[in-house]
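Structure, as structure tokens:
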Amino acid sequence: MKKLSARRRHPLAAVVVLLLALAATGGLYAAFAPASKAQADETAQSLAIDEGKKLYSVGCASCHGTGGQGTTDGPSLVGVGSAAVDFQVGTGRMPAQQPGAQIPRKKVIYSQAEIDQLAAYVASLGAGPVAPTKKDYNPEGADIAKGGELFRTNCAQCHNFTGEGGALTHGKFAPTLEGVDPKHIYEAMQTGPQNMPSFPDTTMTKQNKKDIIAYLDTVNGDKSESPGGLKLGGLGPVSEGLFAWIFGLGALIAVAIWVAARTAKAKKS
């Protein structure tokens, strides 16, 4: 029998086999490897929007419309951004109990995770102010004096010079800022809720907002002192005038009665 001559392999055959093996391994890795960070973030954001839409349909759509377009009972939410949602829902103002001249602050009924989901859905309806990070509103290292100057110029007309709040017209009022979370103060300046004007970054910079927050944190802090003694709530001429009217006029009446009684007694004697 004739021996079959062994086939000789081409020199590049081993290289081709190796490349095919590597390609197969790469395909398997691409199929089973974990998603990139960008893909994971996009997926998480999509899930947050979906969950937020469900929450919106239950708690918000009856007033603001099924697509956030607004109704006769509530304004449009297209373009208000995540900052407005975080402020309104995070302070308990929304969902509102009933319509009125002004929606007051009340107990928060949503968790922060649910608020974030609602904010993600509303933000997907149109671009708007974005909820700040802790770095934006942390008062550490801010210019307190500059913040006081900015607050007295832009805010004291309604909120009083120490943020105690005050009455407005037609049943409206500027709420007290004492004890309010710095994040919500920042968001209020971003979005201008209810009767308040908005102060975007083009009007008031992030640093200016931080300065104002630092000022309020100082004047309403436990270590702050009133140089004038009893501050009567810090409400200015309203409370001071009422105090003078009640106690000052009362004292004058008491003195007049005492003088009249002494005069009558002197005449009898």
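In the structure tokens, chains take the letters A, B, ... in the order shown, each chain's residues start at 1, and ligands count up from 1 in the order shown.
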Write out as a ChimeraX atom specification each polymer residue whose atoms come within 10 Å of stretch 92-105 of chain A, counting only C-alpha atoms; drop sequence neighbours fewer than 4 positions from it. /A:59-60,63,73-74,85-88,109-110,169-175,194-195
Go ahead and write the residues just picked, N, CA, C and O atoms, as a PDB file, in the first residue's frame.
```
ATOM      1  N   GLY A  59     -51.208  60.672  41.512  1.00  0.00           N
ATOM      2  CA  GLY A  59     -51.260  61.815  42.423  1.00  0.00           C
ATOM      3  C   GLY A  59     -51.300  63.188  41.799  1.00  0.00           C
ATOM      4  O   GLY A  59     -51.571  64.172  42.502  1.00  0.00           O
ATOM      5  N   CYS A  60     -51.058  63.306  40.478  1.00  0.00           N
ATOM      6  CA  CYS A  60     -50.899  64.641  39.889  1.00  0.00           C
ATOM      7  C   CYS A  60     -51.745  64.890  38.642  1.00  0.00           C
ATOM      8  O   CYS A  60     -52.084  66.038  38.348  1.00  0.00           O
ATOM      9  N   CYS A  63     -55.069  67.149  38.230  1.00  0.00           N
ATOM     10  CA  CYS A  63     -54.995  68.614  38.195  1.00  0.00           C
ATOM     11  C   CYS A  63     -54.117  69.128  37.050  1.00  0.00           C
ATOM     12  O   CYS A  63     -54.428  70.145  36.435  1.00  0.00           O
ATOM     13  N   ASP A  73     -57.507  73.365  36.711  1.00  0.00           N
ATOM     14  CA  ASP A  73     -57.215  73.190  38.138  1.00  0.00           C
ATOM     15  C   ASP A  73     -55.733  73.235  38.466  1.00  0.00           C
ATOM     16  O   ASP A  73     -55.358  73.268  39.643  1.00  0.00           O
ATOM     17  N   GLY A  74     -54.868  73.222  37.468  1.00  0.00           N
ATOM     18  CA  GLY A  74     -53.433  73.223  37.731  1.00  0.00           C
ATOM     19  C   GLY A  74     -52.648  73.656  36.512  1.00  0.00           C
ATOM     20  O   GLY A  74     -53.061  73.395  35.371  1.00  0.00           O
ATOM     21  N   VAL A  85     -40.242  70.284  40.989  1.00  0.00           N
ATOM     22  CA  VAL A  85     -40.901  69.113  41.572  1.00  0.00           C
ATOM     23  C   VAL A  85     -40.318  68.796  42.941  1.00  0.00           C
ATOM     24  O   VAL A  85     -41.043  68.534  43.903  1.00  0.00           O
ATOM     25  N   ASP A  86     -38.988  68.825  43.036  1.00  0.00           N
ATOM     26  CA  ASP A  86     -38.339  68.516  44.316  1.00  0.00           C
ATOM     27  C   ASP A  86     -38.761  69.516  45.389  1.00  0.00           C
ATOM     28  O   ASP A  86     -38.961  69.151  46.546  1.00  0.00           O
ATOM     29  N   PHE A  87     -38.908  70.799  45.009  1.00  0.00           N
ATOM     30  CA  PHE A  87     -39.323  71.807  45.976  1.00  0.00           C
ATOM     31  C   PHE A  87     -40.789  71.616  46.375  1.00  0.00           C
ATOM     32  O   PHE A  87     -41.112  71.545  47.565  1.00  0.00           O
ATOM     33  N   GLN A  88     -41.679  71.566  45.409  1.00  0.00           N
ATOM     34  CA  GLN A  88     -43.111  71.523  45.698  1.00  0.00           C
ATOM     35  C   GLN A  88     -43.514  70.251  46.439  1.00  0.00           C
ATOM     36  O   GLN A  88     -44.263  70.301  47.419  1.00  0.00           O
ATOM     37  N   ILE A 109     -45.717  63.492  51.869  1.00  0.00           N
ATOM     38  CA  ILE A 109     -46.323  62.159  51.790  1.00  0.00           C
ATOM     39  C   ILE A 109     -45.524  61.197  50.912  1.00  0.00           C
ATOM     40  O   ILE A 109     -45.821  60.005  50.884  1.00  0.00           O
ATOM     41  N   TYR A 110     -44.529  61.690  50.202  1.00  0.00           N
ATOM     42  CA  TYR A 110     -43.702  60.843  49.345  1.00  0.00           C
ATOM     43  C   TYR A 110     -42.311  60.697  49.950  1.00  0.00           C
ATOM     44  O   TYR A 110     -41.807  61.604  50.612  1.00  0.00           O
ATOM     45  N   THR A 169     -50.810  90.469  49.670  1.00  0.00           N
ATOM     46  CA  THR A 169     -52.181  90.886  49.359  1.00  0.00           C
ATOM     47  C   THR A 169     -53.060  89.698  48.992  1.00  0.00           C
ATOM     48  O   THR A 169     -52.565  88.634  48.586  1.00  0.00           O
ATOM     49  N   HIS A 170     -54.377  89.889  49.130  1.00  0.00           N
ATOM     50  CA  HIS A 170     -55.380  88.909  48.686  1.00  0.00           C
ATOM     51  C   HIS A 170     -55.176  87.516  49.295  1.00  0.00           C
ATOM     52  O   HIS A 170     -55.288  86.500  48.611  1.00  0.00           O
ATOM     53  N   GLY A 171     -54.857  87.489  50.582  1.00  0.00           N
ATOM     54  CA  GLY A 171     -54.713  86.209  51.275  1.00  0.00           C
ATOM     55  C   GLY A 171     -53.400  85.501  51.042  1.00  0.00           C
ATOM     56  O   GLY A 171     -53.207  84.377  51.526  1.00  0.00           O
ATOM     57  N   LYS A 172     -52.473  86.106  50.350  1.00  0.00           N
ATOM     58  CA  LYS A 172     -51.168  85.500  50.094  1.00  0.00           C
ATOM     59  C   LYS A 172     -50.181  85.923  51.177  1.00  0.00           C
ATOM     60  O   LYS A 172     -50.414  86.896  51.890  1.00  0.00           O
ATOM     61  N   PHE A 173     -49.095  85.175  51.292  1.00  0.00           N
ATOM     62  CA  PHE A 173     -48.095  85.498  52.310  1.00  0.00           C
ATOM     63  C   PHE A 173     -46.739  84.960  51.891  1.00  0.00           C
ATOM     64  O   PHE A 173     -46.638  84.017  51.092  1.00  0.00           O
ATOM     65  N   ALA A 174     -45.707  85.589  52.401  1.00  0.00           N
ATOM     66  CA  ALA A 174     -44.341  85.101  52.218  1.00  0.00           C
ATOM     67  C   ALA A 174     -44.013  84.226  53.422  1.00  0.00           C
ATOM     68  O   ALA A 174     -44.012  84.709  54.553  1.00  0.00           O
ATOM     69  N   PRO A 175     -43.765  82.940  53.233  1.00  0.00           N
ATOM     70  CA  PRO A 175     -43.557  82.043  54.371  1.00  0.00           C
ATOM     71  C   PRO A 175     -42.248  82.309  55.096  1.00  0.00           C
ATOM     72  O   PRO A 175     -41.309  82.894  54.529  1.00  0.00           O
ATOM     73  N   GLN A 194     -45.049  80.017  43.307  1.00  0.00           N
ATOM     74  CA  GLN A 194     -46.224  80.825  43.650  1.00  0.00           C
ATOM     75  C   GLN A 194     -45.975  82.316  43.395  1.00  0.00           C
ATOM     76  O   GLN A 194     -45.820  82.729  42.259  1.00  0.00           O
ATOM     77  N   ASN A 195     -45.889  83.156  44.431  1.00  0.00           N
ATOM     78  CA  ASN A 195     -45.775  84.608  44.236  1.00  0.00           C
ATOM     79  C   ASN A 195     -44.331  85.087  44.134  1.00  0.00           C
ATOM     80  O   ASN A 195     -44.081  86.269  43.904  1.00  0.00           O
TER      81      ASN A 195
END
```
Write out as an MDAnalysis selection string the set of residues from stretch 1-178 of chain A that DSSP, computed on the backbone, places in alpha helix (DSSP H). chainID A and resid 13:32 37:59 61:64 81:90 112:124 134:137 144:154 156:159
For A:Ala61: contacts at 9 Å, only C-alpha atoms, fewer than 6 positions along chain excluded, given as a list of chain:residue names: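 My reading of the contact set: A:Gly67, A:Gly68, A:Gly70.
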Expected file contents, prior selection, N, CA and C atoms, as a PDB file, in the first residue's frame:
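To be explicit, this is the file written out as result-v4.pdb:
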```pdb
ATOM      1  N   GLY A  67     -50.632  64.426  30.532  1.00  0.00           N
ATOM      2  CA  GLY A  67     -49.293  64.598  29.981  1.00  0.00           C
ATOM      3  C   GLY A  67     -48.586  65.818  30.507  1.00  0.00           C
ATOM      4  N   GLY A  68     -49.074  66.348  31.638  1.00  0.00           N
ATOM      5  CA  GLY A  68     -48.456  67.521  32.226  1.00  0.00           C
ATOM      6  C   GLY A  68     -48.772  68.809  31.508  1.00  0.00           C
ATOM      7  N   GLY A  70     -51.362  70.659  31.804  1.00  0.00           N
ATOM      8  CA  GLY A  70     -52.105  71.601  32.620  1.00  0.00           C
ATOM      9  C   GLY A  70     -53.603  71.539  32.354  1.00  0.00           C
TER      10      GLY A  70
END
```
Provide the atom CA of A:Asp181 to atom CA of A:His64 distance in Å, to one decimal place.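 According to the coordinates, atom CA of A:Asp181 and atom CA of A:His64 are separated by 26.2 Å.
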Nearest to A:Leu47 by atom-to-atom distance, counting only C-alpha atoms, from A:Ala120, A:Ala254, A:Ala145, A:Ser111: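 Selected residue with least distance to A:Leu47: A:Ala120.
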So which residues touch A:Met196 within 9 Å, counting only C-alpha atoms, skipping near sequence neighbours fewer than 5 positions away, as a JSON list (two decimals) with N, CA and C atoms, in the first residue's frame?
```json
[["chain", "number", "residue", "atom", "x", "y", "z"],
["A", 158, "CYS", "N", -40.48, 91.00, 51.15],
["A", 158, "CYS", "CA", -41.57, 90.04, 51.41],
["A", 158, "CYS", "C", -41.28, 89.15, 52.62],
["A", 174, "ALA", "N", -45.71, 85.59, 52.40],
["A", 174, "ALA", "CA", -44.34, 85.10, 52.22],
["A", 174, "ALA", "C", -44.01, 84.23, 53.42],
["A", 188, "ALA", "N", -36.18, 77.24, 45.52],
["A", 188, "ALA", "CA", -37.15, 78.33, 45.44],
["A", 188, "ALA", "C", -36.57, 79.50, 44.65],
["A", 189, "MET", "N", -35.29, 79.80, 44.85],
["A", 189, "MET", "CA", -34.67, 80.86, 44.08],
["A", 189, "MET", "C", -34.55, 80.47, 42.61],
["A", 191, "THR", "N", -36.68, 78.46, 40.90],
["A", 191, "THR", "CA", -37.95, 78.25, 40.21],
["A", 191, "THR", "C", -39.00, 79.33, 40.46]]
```
Skipping near chain neighbours, those fewer than 5 positions away, what residues fall within 10 Å of A:Ser46 using only C-alpha atoms, listed as a PyMOL selection string? chain A and resi 40-41+51-52+117+120-121+124
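Taking atom CA of A:Ser57 and atom CA of A:Gln190 as endpoints, the distance between them is 25.8 Å.
Going from atom CA of A:Gly128 to atom CA of A:Ala83 covers 8.0 Å.
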If we count only C-alpha atoms and set the cut-off at 9 Å, which residues sit around A:Pro182, ignoring sequence neighbours fewer than 6 positions away in its own chain? Please answer as a list in words. Tyr137, Asn138, Pro139, Lys210, Ile213, Ala214 and Asp217 of chain A
Write a file of the selected residues as an mmCIF file, in the first residue's frame, keeping N, CA and C atoms.
```
data_model
loop_
_atom_site.group_PDB
_atom_site.id
_atom_site.type_symbol
_atom_site.label_atom_id
_atom_site.label_comp_id
_atom_site.auth_asym_id
_atom_site.auth_seq_id
_atom_site.Cartn_x
_atom_site.Cartn_y
_atom_site.Cartn_z
ATOM 1 N N TYR A 137 -25.656 74.042 47.394
ATOM 2 C CA TYR A 137 -26.332 74.794 48.458
ATOM 3 C C TYR A 137 -25.666 74.679 49.832
ATOM 4 N N ASN A 138 -24.547 73.981 49.917
ATOM 5 C CA ASN A 138 -23.832 73.881 51.189
ATOM 6 C C ASN A 138 -23.276 75.257 51.571
ATOM 7 N N PRO A 139 -23.690 75.825 52.719
ATOM 8 C CA PRO A 139 -23.282 77.202 53.064
ATOM 9 C C PRO A 139 -21.841 77.342 53.542
ATOM 10 N N LYS A 210 -25.716 80.632 47.262
ATOM 11 C CA LYS A 210 -25.072 80.016 48.416
ATOM 12 C C LYS A 210 -24.815 81.051 49.515
ATOM 13 N N ILE A 213 -28.054 81.670 51.399
ATOM 14 C CA ILE A 213 -28.342 80.540 52.282
ATOM 15 C C ILE A 213 -27.478 80.614 53.538
ATOM 16 N N ALA A 214 -26.215 80.977 53.369
ATOM 17 C CA ALA A 214 -25.311 81.104 54.526
ATOM 18 C C ALA A 214 -25.787 82.211 55.460
ATOM 19 N N ASP A 217 -28.828 80.951 57.339
ATOM 20 C CA ASP A 217 -28.399 79.942 58.313
ATOM 21 C C ASP A 217 -27.790 80.603 59.542
#
```
So which one's closest to A:Ser76, A:Val219, A:Leu125, A:Ile115, A:Met204? Using only C-alpha atoms, please. A:Leu125
